[in-house]
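Okay, start34.tsv is below, TSV, C-alpha atoms:
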chain	number	residue	atom	x	y	z
A	1	MET	CA	0.00	0.00	0.00
A	2	ASP	CA	1.37	3.35	-1.01
A	3	MET	CA	-0.89	6.07	0.26
A	4	ILE	CA	-4.41	6.82	1.38
A	5	LEU	CA	-6.58	8.87	-0.98
A	6	ARG	CA	-9.46	10.90	0.43
A	7	ASN	CA	-12.54	11.47	-1.73
A	8	ASP	CA	-15.09	13.65	0.02
A	9	ALA	CA	-16.29	11.61	3.02
A	10	TYR	CA	-14.54	8.33	2.32
A	11	THR	CA	-11.00	7.00	2.30
A	12	VAL	CA	-9.74	4.10	0.24
A	13	PRO	CA	-6.16	2.76	0.27
A	14	GLN	CA	-4.37	3.28	-3.03
A	15	TYR	CA	-2.12	0.60	-4.49
A	16	ARG	CA	0.39	0.96	-7.31
A	17	GLU	CA	-0.29	-2.44	-8.88
A	18	GLU	CA	-3.17	-2.94	-11.28
A	19	LEU	CA	-6.12	-5.06	-10.26
A	20	THR	CA	-7.61	-7.35	-12.88
A	21	TYR	CA	-10.44	-9.83	-13.27
A	22	LYS	CA	-11.47	-11.32	-16.63
A	23	ASP	CA	-11.63	-8.36	-19.07
A	24	LEU	CA	-11.74	-5.79	-16.26
A	25	GLU	CA	-8.61	-3.78	-15.39
A	26	MET	CA	-8.26	-1.16	-12.69
A	27	ASP	CA	-5.32	1.08	-11.91
A	28	PRO	CA	-6.11	2.46	-8.44
A	29	TYR	CA	-3.08	4.77	-8.48
A	30	LYS	CA	-4.16	6.49	-11.71
A	31	ARG	CA	-7.88	6.04	-10.85
A	32	VAL	CA	-8.59	4.41	-14.23
A	33	CYS	CA	-10.89	1.48	-14.94
A	34	ARG	CA	-11.08	-0.34	-18.29
A	35	LEU	CA	-13.37	-3.06	-19.57
A	36	ASN	CA	-12.27	-4.84	-22.75
A	37	GLY	CA	-9.67	-2.08	-23.17
A	38	GLU	CA	-12.30	0.69	-23.11
A	39	ARG	CA	-12.29	3.23	-20.30
A	40	VAL	CA	-15.28	2.99	-17.94
A	41	ALA	CA	-16.45	6.26	-16.40
A	42	LEU	CA	-17.10	5.57	-12.72
A	43	THR	CA	-18.05	7.94	-9.94
A	44	PRO	CA	-15.56	8.10	-7.05
A	45	THR	CA	-17.93	5.95	-4.95
A	46	GLU	CA	-18.38	3.33	-7.69
A	47	PHE	CA	-14.62	3.25	-8.21
A	48	SER	CA	-14.01	2.75	-4.48
A	49	ILE	CA	-16.59	-0.04	-4.21
A	50	LEU	CA	-15.12	-1.84	-7.21
A	51	GLN	CA	-11.60	-1.38	-5.86
A	52	VAL	CA	-12.54	-2.93	-2.50
A	53	LEU	CA	-14.20	-5.87	-4.26
A	54	LEU	CA	-11.22	-6.43	-6.57
A	55	GLU	CA	-8.76	-6.22	-3.67
A	56	ASN	CA	-10.82	-8.89	-1.90
A	57	ARG	CA	-11.37	-11.04	-4.97
A	58	GLY	CA	-12.57	-14.51	-4.11
A	59	ARG	CA	-14.32	-13.61	-0.87
A	60	ALA	CA	-17.61	-11.94	-0.02
A	61	VAL	CA	-17.37	-8.43	1.39
A	62	SER	CA	-20.22	-7.54	3.73
A	63	ALA	CA	-22.30	-4.40	3.29
A	64	GLN	CA	-21.03	-3.22	6.66
A	65	GLU	CA	-17.41	-3.71	5.62
A	66	LEU	CA	-18.01	-1.83	2.37
A	67	ALA	CA	-19.64	0.99	4.34
A	68	GLU	CA	-16.63	1.18	6.65
A	69	LEU	CA	-14.10	1.14	3.81
A	70	VAL	CA	-15.92	3.40	1.34
A	71	TRP	CA	-17.83	5.83	3.56
A	72	ASN	CA	-15.96	5.44	6.90
A	73	ASP	CA	-19.34	4.70	8.47
A	74	ALA	CA	-20.33	1.19	9.55
A	75	PHE	CA	-23.94	2.26	10.08
A	76	TYR	CA	-24.40	4.05	6.75
A	77	ILE	CA	-25.99	0.99	5.12
A	78	SER	CA	-28.62	0.59	7.82
A	79	ARG	CA	-29.88	4.11	7.09
A	80	SER	CA	-29.89	3.87	3.31
A	81	ASP	CA	-30.18	1.58	0.33
A	82	SER	CA	-27.39	3.62	-1.26
A	83	LEU	CA	-25.05	0.63	-1.59
A	84	ALA	CA	-27.59	-1.34	-3.65
A	85	VAL	CA	-28.07	1.67	-5.93
A	86	HIS	CA	-24.30	2.07	-6.39
A	87	ILE	CA	-23.96	-1.66	-7.12
A	88	ARG	CA	-26.76	-1.44	-9.70
A	89	HIS	CA	-25.09	1.53	-11.41
A	90	LEU	CA	-21.74	-0.25	-11.33
A	91	ARG	CA	-23.25	-3.33	-12.96
A	92	GLU	CA	-24.85	-1.17	-15.65
A	93	LYS	CA	-21.53	0.53	-16.43
A	94	LEU	CA	-19.78	-2.85	-16.59
A	95	ASP	CA	-22.56	-4.19	-18.84
A	96	ASP	CA	-23.15	-6.80	-16.13
A	97	THR	CA	-26.93	-6.69	-15.82
A	98	LEU	CA	-27.88	-10.24	-16.82
A	99	LYS	CA	-27.87	-13.06	-14.27
A	100	PRO	CA	-25.66	-14.79	-13.53
A	101	PHE	CA	-23.55	-11.67	-13.09
A	102	SER	CA	-20.04	-11.84	-14.56
A	103	TYR	CA	-18.34	-9.32	-12.29
A	104	VAL	CA	-20.20	-8.06	-9.22
A	105	LYS	CA	-21.97	-11.01	-7.63
A	106	THR	CA	-24.46	-10.85	-4.77
A	107	VAL	CA	-23.71	-13.28	-1.96
A	108	TRP	CA	-27.09	-13.51	-0.28
A	109	GLY	CA	-27.02	-12.85	3.44
A	110	VAL	CA	-23.39	-11.71	3.27
A	111	GLY	CA	-22.68	-8.95	0.75
A	112	TYR	CA	-20.92	-8.75	-2.63
A	113	ALA	CA	-17.98	-10.43	-4.31
A	114	ILE	CA	-15.94	-10.43	-7.51
Would you give me this structure, written as structure tokens?
Amino acid sequence: MDMILRNDAYTVPQYREELTYKDLEMDPYKRVCRLNGERVALTPTEFSILQVLLENRGRAVSAQELAELVWNDAFYISRSDSLAVHIRHLREKLDDTLKPFSYVKTVWGVGYAI
């Protein structure tokens, strides 16, 4: 881990190495995401959520853990369905709207995973 980047109300660790999964590539240091070589325009929140999921590839990340890592607020999710909306927008931007999802998977009763 190189540094911590602050975006408004949330803080996400920044890494110099690229994160990849299938045709998805993310450079957290440059804040660039590409799908099939094409740049994907993500909001800072969507980028942070995807980064956390890619960094934890292979395991489910709970909604509470995402809230802590993205918004610095473990109780944010209990007051809002904001995470589900961000996940839906992320799936749309990754053209991942048909089940079974290729990238952002829902792990029922737990959270989300890549």
Problem set entry | Nearest to Arg39 of chain A by atom-to-atom distance, counting all atoms listed in the file, from A:Arg57, A:Leu94, A:Ile114, A:Ile87 |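 Checking each candidate against Arg39 of chain A, we get A:Leu94 as the closest.
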For this session: Could you check which of A:Ala113, A:Val104, A:Met26, A:Ala84 is closest to Ala41 of chain A, using only C-alpha atoms?
Result: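 When distances to Ala41 of chain A are compared using only C-alpha atoms, the smallest one comes from A:Met26.
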For this session: Select, counting all atoms listed in the file, all protein, DNA and RNA residues no farther than 12 Å from (-9.5, 3.9, -14.6) in file coordinates, and express the selection as a PyMOL selection string.
Result: chain A and resi 18-20+24-35+37-44+46-48+50-51
Would you export the selected residues with C-alpha atoms as a PDB file, in the frame of the given file, please?
ATOM      1  CA  GLU A  18      -3.170  -2.940 -11.280  1.00  0.00           C
ATOM      2  CA  LEU A  19      -6.120  -5.060 -10.260  1.00  0.00           C
ATOM      3  CA  THR A  20      -7.610  -7.350 -12.880  1.00  0.00           C
ATOM      4  CA  LEU A  24     -11.740  -5.790 -16.260  1.00  0.00           C
ATOM      5  CA  GLU A  25      -8.610  -3.780 -15.390  1.00  0.00           C
ATOM      6  CA  MET A  26      -8.260  -1.160 -12.690  1.00  0.00           C
ATOM      7  CA  ASP A  27      -5.320   1.080 -11.910  1.00  0.00           C
ATOM      8  CA  PRO A  28      -6.110   2.460  -8.440  1.00  0.00           C
ATOM      9  CA  TYR A  29      -3.080   4.770  -8.480  1.00  0.00           C
ATOM     10  CA  LYS A  30      -4.160   6.490 -11.710  1.00  0.00           C
ATOM     11  CA  ARG A  31      -7.880   6.040 -10.850  1.00  0.00           C
ATOM     12  CA  VAL A  32      -8.590   4.410 -14.230  1.00  0.00           C
ATOM     13  CA  CYS A  33     -10.890   1.480 -14.940  1.00  0.00           C
ATOM     14  CA  ARG A  34     -11.080  -0.340 -18.290  1.00  0.00           C
ATOM     15  CA  LEU A  35     -13.370  -3.060 -19.570  1.00  0.00           C
ATOM     16  CA  GLY A  37      -9.670  -2.080 -23.170  1.00  0.00           C
ATOM     17  CA  GLU A  38     -12.300   0.690 -23.110  1.00  0.00           C
ATOM     18  CA  ARG A  39     -12.290   3.230 -20.300  1.00  0.00           C
ATOM     19  CA  VAL A  40     -15.280   2.990 -17.940  1.00  0.00           C
ATOM     20  CA  ALA A  41     -16.450   6.260 -16.400  1.00  0.00           C
ATOM     21  CA  LEU A  42     -17.100   5.570 -12.720  1.00  0.00           C
ATOM     22  CA  THR A  43     -18.050   7.940  -9.940  1.00  0.00           C
ATOM     23  CA  PRO A  44     -15.560   8.100  -7.050  1.00  0.00           C
ATOM     24  CA  GLU A  46     -18.380   3.330  -7.690  1.00  0.00           C
ATOM     25  CA  PHE A  47     -14.620   3.250  -8.210  1.00  0.00           C
ATOM     26  CA  SER A  48     -14.010   2.750  -4.480  1.00  0.00           C
ATOM     27  CA  LEU A  50     -15.120  -1.840  -7.210  1.00  0.00           C
ATOM     28  CA  GLN A  51     -11.600  -1.380  -5.860  1.00  0.00           C
TER      29      GLN A  51
END
Exercise. Distance atom CA of Glu17 of chain A-atom CA of Val107 of chain A, one decimal place?
Worked result: 26.7 Å
For this session: Give me, please, the distance in Å between atom CA of Leu69 of chain A and atom CA of Leu98 of chain A, quoted to one decimal.
Result: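 It comes out at 27.3 Å.
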Problem set entry | Gap from atom CA of Arg88 of chain A to atom CA of Val61 of chain A - Å, one decimal |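 Separation between atom CA of Arg88 of chain A and atom CA of Val61 of chain A: 16.1 Å.
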Exercise. Quick one: of A:Trp108, A:Asp95, A:Thr45, A:Ser62, who's nearest to Ser82 of chain A, counting all atoms listed in the file?
Worked result: A:Thr45
Problem set entry | Among listed residues A:Asn36, A:Gly109, A:Leu90, A:Asp23, nearest Gln64 of chain A (using all atoms listed in the file) |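 Closest candidate: A:Gly109.
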Exercise. So, counting only C-alpha atoms, which residue among A:Ala60, A:Ala67, A:Leu54, A:Lys93 is closest to Asp81 of chain A?
Worked result: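 So, comparing all the options, the nearest one is A:Ala67.
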